[in-house]
$ cat upload.txt   # compact mmCIF, C-alpha atoms
# COMPACT_ATOMS: atom_id res chain seq x y z
CA MET A 130 83.76 15.85 100.71
CA ASP A 131 86.55 18.32 101.36
CA ALA A 132 88.46 17.53 104.56
CA MET A 133 88.06 21.14 105.65
CA ILE A 134 84.25 20.92 105.47
CA GLU A 135 84.20 17.61 107.37
CA SER A 136 86.34 18.97 110.15
CA LYS A 137 84.33 22.18 110.37
CA ILE A 138 81.05 20.29 110.65
CA ALA A 139 82.52 17.98 113.27
CA GLU A 140 83.72 20.94 115.28
CA ARG A 141 80.32 22.53 115.48
CA THR A 142 79.01 21.88 118.96
CA VAL A 143 76.41 24.55 119.46
CA SER A 144 74.59 23.54 122.64
CA ASP A 145 71.93 26.22 122.51
CA PRO A 146 72.04 28.29 119.34
CA MET A 147 69.95 31.03 120.98
CA VAL A 148 72.52 31.69 123.72
CA PRO A 149 75.37 33.98 122.72
CA SER A 150 78.97 33.21 123.64
CA LEU A 151 81.05 36.00 125.07
CA PHE A 152 83.80 37.45 122.91
CA ARG A 153 86.29 40.21 123.56
CA ILE A 154 86.96 42.94 121.01
CA GLU A 155 90.69 42.71 120.32
CA ARG A 156 90.86 45.29 117.60
CA MET A 157 88.57 47.76 115.93
CA LYS A 158 89.82 48.66 112.47
CA ARG A 159 88.30 51.49 110.51
CA GLU A 160 88.06 50.43 106.88
CA THR A 161 86.27 53.47 105.42
CA GLU A 162 84.42 56.45 106.80
CA ASP A 163 81.40 54.35 107.80
CA THR A 164 82.74 50.80 107.71
CA PHE A 165 84.77 48.97 110.32
CA THR A 166 86.15 45.53 111.07
CA LEU A 167 85.93 43.92 114.49
CA GLU A 168 88.51 41.36 115.50
CA LEU A 169 87.07 39.18 118.24
CA SER A 170 88.47 36.45 120.42
CA PRO A 171 86.50 34.15 122.72
CA PHE A 172 86.65 34.65 126.48
CA GLU A 173 87.08 30.93 126.90
CA GLU A 174 90.52 30.23 125.49
CA THR A 175 89.59 26.64 124.73
CA THR A 176 86.89 27.77 122.28
CA LYS A 177 87.95 27.13 118.71
CA ILE A 178 86.56 29.33 115.99
CA SER A 179 85.06 27.30 113.20
CA PHE A 180 83.08 28.52 110.22
CA LEU A 181 82.79 28.06 106.49
CA PRO A 182 83.29 30.92 104.02
CA GLY A 183 80.02 32.75 103.43
CA GLN A 184 78.45 32.01 106.82
CA PHE A 185 77.34 34.68 109.26
CA ASN A 186 77.11 35.24 113.01
CA MET A 187 74.58 37.08 115.13
CA LEU A 188 76.46 39.77 117.03
CA TYR A 189 74.85 41.00 120.24
CA VAL A 190 75.59 44.45 121.61
CA PHE A 191 74.26 43.98 125.13
CA GLY A 192 71.52 46.41 126.01
CA VAL A 193 71.08 47.48 122.42
CA GLY A 194 70.30 44.54 120.18
CA GLU A 195 71.48 41.84 117.84
CA VAL A 196 72.37 41.92 114.15
CA ALA A 197 73.40 39.38 111.54
CA ILE A 198 76.86 40.08 110.15
CA SER A 199 78.78 37.91 107.75
CA ILE A 200 82.16 36.59 108.79
CA SER A 201 84.94 38.31 106.89
CA GLY A 202 88.08 36.69 108.28
CA ASP A 203 90.30 33.78 107.35
CA PRO A 204 88.58 30.42 107.94
CA CYS A 205 91.96 28.88 108.78
CA LYS A 206 92.35 31.07 111.86
CA THR A 207 90.83 29.22 114.78
CA SER A 208 91.46 31.75 117.53
CA GLN A 209 89.95 34.89 116.09
CA LEU A 210 86.79 36.05 114.35
CA GLU A 211 86.53 38.99 111.99
CA HIS A 212 83.39 40.86 111.05
CA THR A 213 83.19 43.86 108.75
CA THR A 214 80.08 45.99 108.81
CA ARG A 215 78.79 49.42 108.00
CA ARG A 216 77.24 51.80 110.50
CA VAL A 217 73.67 51.85 109.21
CA GLY A 218 71.30 50.98 112.06
CA VAL A 219 71.04 51.44 115.81
CA VAL A 220 73.05 48.33 116.69
CA THR A 221 75.87 48.84 114.21
CA LYS A 222 76.13 52.51 115.11
CA VAL A 223 76.69 51.60 118.78
CA MET A 224 78.94 48.72 117.73
CA GLY A 225 81.07 51.17 115.82
CA LEU A 226 81.70 53.07 119.05
CA MET A 227 82.91 50.01 120.97
CA LYS A 228 86.55 49.71 121.92
CA PRO A 229 89.16 46.98 122.32
CA GLY A 230 88.47 45.11 125.56
CA ASP A 231 84.68 45.53 125.31
CA THR A 232 82.49 42.44 125.38
CA ILE A 233 80.17 41.36 122.63
CA GLY A 234 77.87 38.34 122.28
CA VAL A 235 78.22 35.96 119.36
CA ARG A 236 75.79 33.31 118.13
CA GLY A 237 76.67 31.17 115.19
CA PRO A 238 77.98 30.42 112.69
CA PHE A 239 74.79 30.11 110.69
CA GLY A 240 73.71 29.60 107.11
CA SER A 241 75.00 28.07 103.92
CA HIS A 242 78.47 28.63 102.54
CA TRP A 243 80.25 29.34 99.27
CA PRO A 244 81.15 26.24 97.26
CA ILE A 245 84.58 25.19 98.44
CA ASP A 246 84.34 21.53 97.66
CA VAL A 247 84.95 22.15 93.97
CA GLU A 248 86.84 19.83 91.63
CA ASN A 249 90.39 20.76 90.74
CA GLY A 250 91.17 22.82 87.67
CA ARG A 251 88.22 25.19 87.77
CA ASP A 252 88.42 28.94 87.20
CA PHE A 253 86.86 31.14 89.86
CA VAL A 254 85.42 34.57 89.23
CA VAL A 255 84.40 36.57 92.29
CA VAL A 256 82.23 39.64 91.69
CA ALA A 257 81.81 41.93 94.68
CA GLY A 258 80.17 45.29 95.16
CA GLY A 259 80.58 47.66 98.10
CA ILE A 260 80.52 45.91 101.43
CA GLY A 261 79.65 42.70 99.57
CA LEU A 262 83.37 42.03 99.48
CA ALA A 263 83.29 41.20 103.21
CA PRO A 264 81.39 37.86 102.94
CA LEU A 265 83.59 36.93 99.97
CA ARG A 266 86.90 37.56 101.69
CA PRO A 267 86.91 34.20 103.55
CA VAL A 268 86.45 32.30 100.28
CA LEU A 269 89.30 34.29 98.73
CA TYR A 270 91.53 33.26 101.64
CA HIS A 271 90.41 29.69 101.11
CA LEU A 272 91.08 29.78 97.37
CA MET A 273 94.50 31.36 97.89
CA ALA A 274 95.36 28.73 100.50
CA GLN A 275 94.62 26.05 97.88
CA ARG A 276 95.87 28.03 94.92
CA GLU A 277 97.46 25.08 93.16
CA ARG A 278 94.07 23.36 92.85
CA TYR A 279 92.54 25.98 90.58
CA ARG A 280 93.31 27.76 87.32
CA ASN A 281 92.40 31.44 86.97
CA ILE A 282 91.10 33.22 90.04
CA VAL A 283 89.64 36.62 89.25
CA LEU A 284 88.33 39.19 91.70
CA LEU A 285 86.20 41.99 90.24
CA TYR A 286 85.33 44.59 92.84
CA GLY A 287 83.25 47.75 92.57
CA ALA A 288 83.05 50.50 95.15
CA ARG A 289 81.38 53.87 95.21
CA THR A 290 84.53 55.99 95.41
CA PRO A 291 88.26 55.31 95.90
CA GLU A 292 87.84 56.24 99.59
CA GLU A 293 85.19 53.55 100.03
CA ILE A 294 87.29 50.63 98.81
CA LEU A 295 87.41 47.92 101.46
CA TYR A 296 90.60 46.10 102.47
CA LYS A 297 92.76 48.40 100.35
CA ARG A 298 96.14 47.06 101.44
CA GLU A 299 95.02 43.49 101.04
CA LEU A 300 93.71 44.20 97.53
CA GLU A 301 97.02 45.81 96.63
CA ARG A 302 98.85 42.78 97.97
CA TRP A 303 96.60 40.38 96.09
CA ARG A 304 96.93 42.42 92.92
CA GLY A 305 100.71 42.18 93.24
CA LYS A 306 100.47 38.39 93.09
CA PHE A 307 100.86 36.95 89.66
CA ASP A 308 98.38 34.18 90.39
CA LEU A 309 95.37 36.35 91.24
CA GLU A 310 93.74 38.81 88.84
CA VAL A 311 92.26 41.75 90.75
CA GLN A 312 90.29 44.46 88.99
CA VAL A 313 88.82 47.31 90.99
CA THR A 314 86.45 49.95 89.70
CA VAL A 315 84.73 52.91 91.32
CA ASP A 316 81.46 54.58 90.39
CA ARG A 317 82.95 58.00 90.86
CA GLY A 318 86.60 58.68 90.29
CA ALA A 319 88.47 61.40 92.05
CA SER A 320 91.53 63.39 91.14
CA GLY A 321 94.49 61.10 91.52
CA TRP A 322 92.48 57.93 90.86
CA ARG A 323 94.05 56.22 87.87
CA GLY A 324 92.05 53.03 87.83
CA ASN A 325 88.75 51.94 86.32
CA VAL A 326 85.65 54.13 86.59
CA GLY A 327 82.20 52.63 86.12
CA VAL A 328 80.14 49.84 87.64
CA VAL A 329 81.65 46.44 88.25
CA THR A 330 79.44 44.36 85.96
CA PRO A 331 80.99 45.40 82.59
CA LEU A 332 84.33 44.08 83.86
CA ILE A 333 82.88 40.57 83.60
CA ALA A 334 82.85 40.73 79.80
CA ARG A 335 86.63 41.08 79.56
CA ALA A 336 87.74 39.17 82.65
CA PRO A 337 90.17 36.31 82.01
CA PHE A 338 88.19 33.14 82.75
CA ASN A 339 86.87 30.25 80.74
CA PRO A 340 83.06 30.35 81.13
CA SER A 341 82.60 26.63 80.53
CA ASN A 342 84.98 25.86 83.38
CA THR A 343 84.12 28.64 85.80
CA VAL A 344 82.52 28.88 89.21
CA ALA A 345 81.17 32.38 89.80
CA LEU A 346 80.50 33.91 93.20
CA THR A 347 78.82 37.26 93.66
CA CYS A 348 77.78 39.42 96.57
CA GLY A 349 76.66 43.03 96.73
CA PRO A 350 73.50 45.06 96.28
CA GLU A 351 70.82 42.82 94.78
CA ILE A 352 70.49 44.99 91.67
CA MET A 353 74.22 44.65 91.08
CA MET A 354 73.98 40.87 91.42
CA ARG A 355 71.14 40.80 88.86
CA PHE A 356 73.31 42.55 86.32
CA ALA A 357 76.31 40.43 87.28
CA VAL A 358 74.26 37.29 86.67
CA MET A 359 73.18 38.63 83.27
CA GLU A 360 76.78 39.30 82.27
CA LEU A 361 77.96 35.92 83.56
CA GLN A 362 75.22 34.13 81.66
CA LYS A 363 75.95 36.20 78.56
CA ARG A 364 79.49 34.84 78.71
CA GLY A 365 78.13 31.33 79.11
CA VAL A 366 78.58 30.50 82.79
CA PRO A 367 75.80 27.99 83.59
CA ALA A 368 73.30 28.78 86.35
CA ASP A 369 74.35 25.77 88.43
CA ARG A 370 77.82 27.28 88.77
CA ILE A 371 76.72 30.80 89.75
CA PHE A 372 76.37 31.43 93.48
CA LEU A 373 75.09 34.54 95.18
CA SER A 374 74.69 35.73 98.73
CA MET A 375 71.28 37.17 99.54
CA GLU A 376 70.45 39.58 102.30
CA ARG A 377 67.22 39.79 104.23
CA ASN A 378 66.27 40.90 107.71
CA MET A 379 67.54 38.04 109.90
CA LYS A 380 66.46 37.77 113.53
CA CYS A 381 66.54 34.26 115.00
CA ALA A 382 69.04 32.86 112.46
CA LEU A 383 67.45 29.43 112.85
CA GLY A 384 64.54 29.58 110.45
CA TYR A 385 61.91 29.91 113.20
CA CYS A 386 60.86 33.54 113.19
CA GLY A 387 60.30 33.94 109.45
CA HIS A 388 61.68 37.49 109.22
CA CYS A 389 64.09 36.53 106.48
CA GLN A 390 61.69 34.55 104.32
CA TYR A 391 62.76 34.54 100.69
CA GLY A 392 60.17 32.76 98.57
CA PRO A 393 59.90 29.23 99.95
CA THR A 394 63.21 29.55 101.81
CA PHE A 395 64.67 31.30 104.82
CA VAL A 396 67.86 33.21 104.12
CA CYS A 397 69.27 32.47 107.58
CA LYS A 398 68.92 28.70 107.16
CA ASP A 399 68.79 27.94 103.43
CA GLY A 400 70.99 30.91 102.52
CA PRO A 401 72.60 33.35 102.58
CA VAL A 402 74.53 31.64 99.79
CA TYR A 403 72.27 30.23 97.07
CA ARG A 404 72.98 28.51 93.80
CA LEU A 405 71.32 30.52 91.05
CA ASP A 406 69.33 27.65 89.54
CA HIS A 407 67.81 26.93 92.97
CA ILE A 408 66.29 30.42 93.18
CA ALA A 409 65.95 31.24 89.48
CA SER A 410 62.16 31.48 89.74
CA ILE A 411 62.26 34.11 92.49
CA PHE A 412 65.56 35.93 91.98
CA GLY A 413 64.99 39.52 90.90
CA LYS A 414 61.22 39.31 91.37
CA SER A 415 59.68 42.29 93.07
CA GLU A 416 58.10 41.78 96.50
CA ILE A 417 60.09 38.60 97.14
CA MET B 1400 101.61 41.78 55.28
CA ILE B 1401 100.38 44.75 57.35
CA GLN B 1402 96.90 44.23 55.92
CA ALA B 1403 96.99 40.53 56.86
CA SER B 1404 98.11 41.35 60.38
CA LEU B 1405 95.36 43.97 60.82
CA GLU B 1406 92.78 41.53 59.52
CA SER B 1407 93.79 38.89 62.02
CA VAL B 1408 93.61 41.41 64.88
CA ILE B 1409 90.16 42.51 63.72
CA ARG B 1410 88.98 38.91 63.48
CA ARG B 1411 90.06 38.26 67.07
CA HIS B 1412 88.62 41.42 68.60
CA PRO B 1413 85.28 40.70 70.35
CA PHE B 1414 83.62 43.75 68.84
CA LEU B 1415 84.23 42.68 65.26
CA ALA B 1416 84.46 38.92 65.64
CA ASP B 1417 82.22 36.97 63.24
CA LEU B 1418 81.98 39.88 60.84
CA PRO B 1419 80.97 38.43 57.45
CA GLU B 1420 83.95 37.92 55.15
CA LYS B 1421 82.53 40.27 52.55
CA HIS B 1422 82.79 43.17 55.00
CA LEU B 1423 86.05 42.20 56.61
CA GLU B 1424 88.29 43.26 53.77
CA PHE B 1425 86.62 46.64 53.46
CA ILE B 1426 86.65 47.41 57.18
CA THR B 1427 90.28 46.34 57.38
CA GLY B 1428 91.02 48.91 54.71
CA CYS B 1429 89.57 51.60 56.98
CA ALA B 1430 91.67 50.54 60.00
CA LYS B 1431 95.10 51.42 61.27
CA ASN B 1432 97.12 50.48 64.33
CA VAL B 1433 97.64 53.30 66.79
CA ARG B 1434 99.61 53.66 70.03
CA PHE B 1435 99.15 56.37 72.60
CA PRO B 1436 101.43 57.15 75.52
CA GLU B 1437 100.03 57.63 79.04
CA GLY B 1438 98.31 60.99 79.46
CA HIS B 1439 97.65 61.45 75.75
CA THR B 1440 94.40 63.14 74.71
CA ILE B 1441 92.89 60.97 71.97
CA PHE B 1442 90.06 63.37 71.24
CA LEU B 1443 88.47 66.43 72.76
CA GLU B 1444 84.86 67.18 73.53
CA GLY B 1445 83.35 69.25 70.68
CA ASP B 1446 85.93 68.31 68.05
CA PRO B 1447 84.85 66.58 64.82
CA ALA B 1448 84.28 62.85 65.39
CA ASN B 1449 85.62 61.00 62.41
CA GLU B 1450 87.05 57.87 64.01
CA PHE B 1451 86.28 55.16 66.45
CA TYR B 1452 88.67 52.89 68.28
CA VAL B 1453 88.71 49.32 69.46
CA ILE B 1454 91.08 49.02 72.35
CA ARG B 1455 93.64 46.22 72.26
CA GLU B 1456 95.51 47.08 75.43
CA GLY B 1457 95.56 49.91 77.97
CA LEU B 1458 93.10 52.12 79.78
CA VAL B 1459 91.31 55.22 78.53
CA SER B 1460 89.40 57.75 80.58
CA VAL B 1461 86.21 59.19 79.07
CA GLU B 1462 85.89 62.67 80.49
CA LEU B 1463 83.57 65.60 80.62
CA MET B 1464 84.71 69.10 81.47
CA VAL B 1465 82.69 70.20 84.50
CA PRO B 1466 82.87 73.89 85.41
CA ASN B 1467 84.79 74.44 88.65
CA ARG B 1468 85.73 70.74 88.78
CA GLY B 1469 87.80 70.35 85.65
CA PRO B 1470 87.90 67.17 83.58
CA THR B 1471 85.82 64.52 85.31
CA THR B 1472 86.07 60.84 84.45
CA VAL B 1473 82.66 59.31 83.86
CA GLN B 1474 83.89 55.95 82.63
CA THR B 1475 87.01 54.06 81.69
CA ILE B 1476 87.44 51.97 78.58
CA ALA B 1477 89.84 49.05 78.50
CA GLU B 1478 90.97 46.09 76.46
CA ALA B 1479 88.24 44.61 74.26
CA ASP B 1480 86.09 47.74 74.59
CA VAL B 1481 85.03 50.20 71.90
CA LEU B 1482 85.75 53.89 72.23
CA GLY B 1483 83.59 56.48 70.48
CA TRP B 1484 80.29 56.36 68.66
CA SER B 1485 79.83 60.07 67.91
CA TRP B 1486 80.99 59.35 64.34
CA VAL B 1487 77.73 57.43 63.75
CA SER B 1488 75.23 60.25 64.16
CA PRO B 1489 75.10 63.96 63.33
CA PRO B 1490 76.56 66.42 64.12
CA TYR B 1491 79.59 64.06 64.21
CA ARG B 1492 81.29 65.79 67.09
CA TRP B 1493 82.67 64.21 70.24
CA HIS B 1494 80.37 64.50 73.24
CA PHE B 1495 83.19 63.63 75.63
CA SER B 1496 86.96 63.77 75.71
CA ALA B 1497 89.18 60.69 75.88
CA ARG B 1498 92.58 60.55 77.58
CA THR B 1499 94.84 57.59 78.18
CA LEU B 1500 95.52 56.54 81.77
CA GLN B 1501 97.99 53.90 80.64
CA PRO B 1502 99.97 53.37 77.45
CA THR B 1503 97.30 52.21 75.02
CA ARG B 1504 97.25 50.22 71.79
CA ALA B 1505 94.16 50.35 69.62
CA LEU B 1506 92.79 50.01 66.14
CA ALA B 1507 91.50 53.30 64.77
CA PHE B 1508 88.77 53.15 62.13
CA ASP B 1509 88.07 55.91 59.68
CA GLY B 1510 84.48 56.84 60.53
CA ASP B 1511 84.08 59.18 57.57
CA CYS B 1512 84.97 56.40 55.16
CA LEU B 1513 82.74 53.91 56.98
CA ARG B 1514 79.77 56.28 57.04
CA LYS B 1515 79.91 56.66 53.27
CA LYS B 1516 80.27 52.93 52.76
CA CYS B 1517 77.39 52.17 55.13
CA GLU B 1518 75.15 54.47 53.11
CA GLU B 1519 76.00 52.46 50.00
CA ASP B 1520 75.99 49.03 51.60
CA HIS B 1521 73.18 48.68 54.11
CA ASP B 1522 74.26 45.15 55.04
CA LEU B 1523 77.54 46.55 56.33
CA GLY B 1524 75.64 49.41 57.98
CA TYR B 1525 73.37 46.91 59.73
CA GLU B 1526 76.31 44.78 60.91
CA LEU B 1527 78.09 47.79 62.37
CA LEU B 1528 75.03 49.43 63.92
CA ARG B 1529 73.97 46.11 65.45
CA ARG B 1530 77.34 45.92 67.19
CA PHE B 1531 77.27 49.56 68.24
CA LEU B 1532 73.72 49.21 69.55
CA SER B 1533 74.88 46.39 71.80
CA VAL B 1534 77.70 48.58 73.13
CA VAL B 1535 75.34 51.53 73.65
CA SER B 1536 72.83 49.28 75.41
CA SER B 1537 75.49 47.91 77.80
CA ARG B 1538 76.78 51.41 78.51
CA LEU B 1539 73.22 52.62 79.18
CA ASP B 1540 72.68 49.75 81.65
CA ALA B 1541 75.96 50.60 83.37
CA THR B 1542 75.09 54.30 83.52
CA ARG B 1543 71.70 53.53 85.03
CA LEU B 1544 73.37 51.43 87.71
CA GLN B 1545 75.82 54.25 88.37
CA LEU B 1546 72.90 56.68 88.72
CA LEU B 1547 71.27 54.42 91.29
CA ASP B 1548 74.27 54.92 93.57
CA ILE B 1549 73.82 51.33 94.69
CA TYR B 1550 76.67 51.26 97.18
CA GLY B 1551 75.53 54.40 98.92
CA ARG B 1552 73.94 54.53 102.34
CA HIS B 1553 70.20 54.19 102.26
CA ASP B 1554 69.31 54.61 105.92

$ encode --input "upload.txt" --output "structure tokens"
Amino acid sequence: MDAMIESKIAERTVSDPMVPSLFRIERMKRETEDTFTLELSPFEETTKISFLPGQFNMLYVFGVGEVAISISGDPCKTSQLEHTTRRVGVVTKVMGLMKPGDTIGVRGPFGSHWPIDVENGRDFVVVAGGIGLAPLRPVLYHLMAQRERYRNIVLLYGARTPEEILYKRELERWRGKFDLEVQVTVDRGASGWRGNVGVVTPLIARAPFNPSNTVALTCGPEIMMRFAVMELQKRGVPADRIFLSMERNMKCALGYCGHCQYGPTFVCKDGPVYRLDHIASIFGKSEI
Amino acid sequence: MIQASLESVIRRHPFLADLPEKHLEFITGCAKNVRFPEGHTIFLEGDPANEFYVIREGLVSVELMVPNRGPTTVQTIAEADVLGWSWVSPPYRWHFSARTLQPTRALAFDGDCLRKKCEEDHDLGYELLRRFLSVVSSRLDATRLQLLDIYGRHD
């Protein structure tokens, strides 16, 4: 097992997973018109942040409510947490109005993680749509930190418009690296946009990776992931090397309440990251 | 020499890969290498459509002129993609315009010549239409996803 995973598991000392720890908002960064990133640090300076790429936390806005939000920061940073979310519900709307210095409750980390204990020499293709890039960002940091272990690393990212592209500067920086292929596309171009226009899934067909040697990770709207899976399988990536992050309404985050049931699994406990062949019988089925 | 080089490019291009040998020579005879600088209009909406292109390198914007908005990009076509299928069906006029966003290299195929040959040789017609149908099907899927506005807010 990867030394990073072992150390992360050893570090997890959640005494009562239902009790939130207090964190301070250090920075509130507006990513797009309706999306923001919170940088949080624990009140207790001795607390070390420990999570695996793909996991999520429950963030508690006191007096308002709690929501599940995936961790979007660098797993190597042990003093700070990052969460990127969109203002869509009551809690995230209030959260979006919070300021540096405000207090927020954090429970977690919870859930499964992206495969990071992968043998050397693999290609990685990461397919993200919209805010689905946020849960994938930690695994990109991880892959870049271990760049020499892998062959091609490809990020395919689709957003609605150029204004709604997440982590723009970071994407530009990554694109400038010769060892990471970044392709961005938008559904609707605008004047001045000189990049790809169209959905993200057709980019898979021409992306530079060897399907027989590739690990594929995808996160975004479920319909996008269905088409991404079809394109990946069309190129020959086997189901046991395709991973996707599912989203359901998570409440307790411990598999007790059942709100996030997904077939015979609970997304909070068995997911959010699933291997395709483990959910092949339910993935894309209506009412599941 | 030029013919041999074109044939090897055609053999390697995903759109025409595995084309039966008997058709390869003919289709190579209908092809030519083309290069377009950035900002070049390859074809214009409404003009006669007598060619199609397989892109080797570059980026092409497929555009529609929208009143009061000007040319609007509905899709981009890049390496390994096919540009243009209006040459296949009447009235053989482009439904969209195409303009390069980057310097672009492509193979241009004489659609007029291919149409005539496909009428004579239905095996070739089937091979080409099978490939074009796959492209059209993928583009239709992509357009449907675009229409769904999947990244939009749904609250």

$ interface_residues --input "upload.txt" --of "chain A" --to "chain B" --cutoff "10 Å" --atoms "only C-alpha atoms" --output "PyMOL selection string"
chain A and resi 163+215-218+258-261+287-290+293+314-320+322-332+334-336+349-353+356+360

$ residues_around --input "upload.txt" --residues "Leu1405 of chain B" --least-positions-apart "6" --cutoff "12 Å" --atoms "only C-alpha atoms" --output "PyMOL selection string"
chain B and resi 1411-1412+1423-1433+1455+1505-1508

$ write_last_selection --input "upload.txt" --atoms "C-alpha atoms" --output "mmCIF file, in the frame of the given file"
data_model
loop_
_atom_site.group_PDB
_atom_site.id
_atom_site.type_symbol
_atom_site.label_atom_id
_atom_site.label_comp_id
_atom_site.auth_asym_id
_atom_site.auth_seq_id
_atom_site.Cartn_x
_atom_site.Cartn_y
_atom_site.Cartn_z
ATOM 1 C CA ARG B 1411 90.060 38.260 67.070
ATOM 2 C CA HIS B 1412 88.620 41.420 68.600
ATOM 3 C CA LEU B 1423 86.050 42.200 56.610
ATOM 4 C CA GLU B 1424 88.290 43.260 53.770
ATOM 5 C CA PHE B 1425 86.620 46.640 53.460
ATOM 6 C CA ILE B 1426 86.650 47.410 57.180
ATOM 7 C CA THR B 1427 90.280 46.340 57.380
ATOM 8 C CA GLY B 1428 91.020 48.910 54.710
ATOM 9 C CA CYS B 1429 89.570 51.600 56.980
ATOM 10 C CA ALA B 1430 91.670 50.540 60.000
ATOM 11 C CA LYS B 1431 95.100 51.420 61.270
ATOM 12 C CA ASN B 1432 97.120 50.480 64.330
ATOM 13 C CA VAL B 1433 97.640 53.300 66.790
ATOM 14 C CA ARG B 1455 93.640 46.220 72.260
ATOM 15 C CA ALA B 1505 94.160 50.350 69.620
ATOM 16 C CA LEU B 1506 92.790 50.010 66.140
ATOM 17 C CA ALA B 1507 91.500 53.300 64.770
ATOM 18 C CA PHE B 1508 88.770 53.150 62.130
#

$ residues_near_point --input "upload.txt" --point "(79.0, 31.4, 112.8)" --cutoff "12 Å" --atoms "all atoms listed in the file" --output "ChimeraX atom specification"
/A:137-138,140-143,146,149-150,177-188,197-202,204,209-212,234-242,382-383,397-398

$ write_last_selection --input "upload.txt" --atoms "C-alpha atoms" --output "PDB file, in the coordinates of the input"
ATOM      1  CA  LYS A 137      84.330  22.180 110.370  1.00  0.00           C
ATOM      2  CA  ILE A 138      81.050  20.290 110.650  1.00  0.00           C
ATOM      3  CA  GLU A 140      83.720  20.940 115.280  1.00  0.00           C
ATOM      4  CA  ARG A 141      80.320  22.530 115.480  1.00  0.00           C
ATOM      5  CA  THR A 142      79.010  21.880 118.960  1.00  0.00           C
ATOM      6  CA  VAL A 143      76.410  24.550 119.460  1.00  0.00           C
ATOM      7  CA  PRO A 146      72.040  28.290 119.340  1.00  0.00           C
ATOM      8  CA  PRO A 149      75.370  33.980 122.720  1.00  0.00           C
ATOM      9  CA  SER A 150      78.970  33.210 123.640  1.00  0.00           C
ATOM     10  CA  LYS A 177      87.950  27.130 118.710  1.00  0.00           C
ATOM     11  CA  ILE A 178      86.560  29.330 115.990  1.00  0.00           C
ATOM     12  CA  SER A 179      85.060  27.300 113.200  1.00  0.00           C
ATOM     13  CA  PHE A 180      83.080  28.520 110.220  1.00  0.00           C
ATOM     14  CA  LEU A 181      82.790  28.060 106.490  1.00  0.00           C
ATOM     15  CA  PRO A 182      83.290  30.920 104.020  1.00  0.00           C
ATOM     16  CA  GLY A 183      80.020  32.750 103.430  1.00  0.00           C
ATOM     17  CA  GLN A 184      78.450  32.010 106.820  1.00  0.00           C
ATOM     18  CA  PHE A 185      77.340  34.680 109.260  1.00  0.00           C
ATOM     19  CA  ASN A 186      77.110  35.240 113.010  1.00  0.00           C
ATOM     20  CA  MET A 187      74.580  37.080 115.130  1.00  0.00           C
ATOM     21  CA  LEU A 188      76.460  39.770 117.030  1.00  0.00           C
ATOM     22  CA  ALA A 197      73.400  39.380 111.540  1.00  0.00           C
ATOM     23  CA  ILE A 198      76.860  40.080 110.150  1.00  0.00           C
ATOM     24  CA  SER A 199      78.780  37.910 107.750  1.00  0.00           C
ATOM     25  CA  ILE A 200      82.160  36.590 108.790  1.00  0.00           C
ATOM     26  CA  SER A 201      84.940  38.310 106.890  1.00  0.00           C
ATOM     27  CA  GLY A 202      88.080  36.690 108.280  1.00  0.00           C
ATOM     28  CA  PRO A 204      88.580  30.420 107.940  1.00  0.00           C
ATOM     29  CA  GLN A 209      89.950  34.890 116.090  1.00  0.00           C
ATOM     30  CA  LEU A 210      86.790  36.050 114.350  1.00  0.00           C
ATOM     31  CA  GLU A 211      86.530  38.990 111.990  1.00  0.00           C
ATOM     32  CA  HIS A 212      83.390  40.860 111.050  1.00  0.00           C
ATOM     33  CA  GLY A 234      77.870  38.340 122.280  1.00  0.00           C
ATOM     34  CA  VAL A 235      78.220  35.960 119.360  1.00  0.00           C
ATOM     35  CA  ARG A 236      75.790  33.310 118.130  1.00  0.00           C
ATOM     36  CA  GLY A 237      76.670  31.170 115.190  1.00  0.00           C
ATOM     37  CA  PRO A 238      77.980  30.420 112.690  1.00  0.00           C
ATOM     38  CA  PHE A 239      74.790  30.110 110.690  1.00  0.00           C
ATOM     39  CA  GLY A 240      73.710  29.600 107.110  1.00  0.00           C
ATOM     40  CA  SER A 241      75.000  28.070 103.920  1.00  0.00           C
ATOM     41  CA  HIS A 242      78.470  28.630 102.540  1.00  0.00           C
ATOM     42  CA  ALA A 382      69.040  32.860 112.460  1.00  0.00           C
ATOM     43  CA  LEU A 383      67.450  29.430 112.850  1.00  0.00           C
ATOM     44  CA  CYS A 397      69.270  32.470 107.580  1.00  0.00           C
ATOM     45  CA  LYS A 398      68.920  28.700 107.160  1.00  0.00           C
TER      46      LYS A 398
END

$ closest_residue --input "upload.txt" --among "A:Ser374, A:Thr166, A:Thr232, A:Thr213" --to "Phe412 of chain A" --atoms "only C-alpha atoms"
A:Ser374

$ residues_around --input "upload.txt" --residues "Pro1490 of chain B" --least-positions-apart "4" --cutoff "10 Å" --atoms "all atoms listed in the file" --output "list in words"
Gly1445, Pro1447, Ala1448, Ser1485 and Trp1486 of chain B

$ closest_residue --input "upload.txt" --among "A:Arg159, A:Arg404, A:His271, A:Lys222" --to "Pro367 of chain A" --atoms "all atoms listed in the file"
A:Arg404

$ residues_around --input "upload.txt" --residues "segment 384-393 of chain A" --least-positions-apart "3" --cutoff "12 Å" --atoms "all atoms listed in the file" --output "ChimeraX atom specification"
/A:146-147,197,239-240,375-381,396-401,403,407-417

$ residues_around --input "upload.txt" --residues "Arg370 of chain A" --least-positions-apart "3" --cutoff "10 Å" --atoms "all atoms listed in the file" --output "list of chain:residue names"
A:Pro244, A:Phe253, A:Pro340, A:Ser341, A:Asn342, A:Thr343, A:Val344, A:Ala345, A:Leu346, A:Val366, A:Pro367, A:Arg404, A:Leu405, A:Asp406
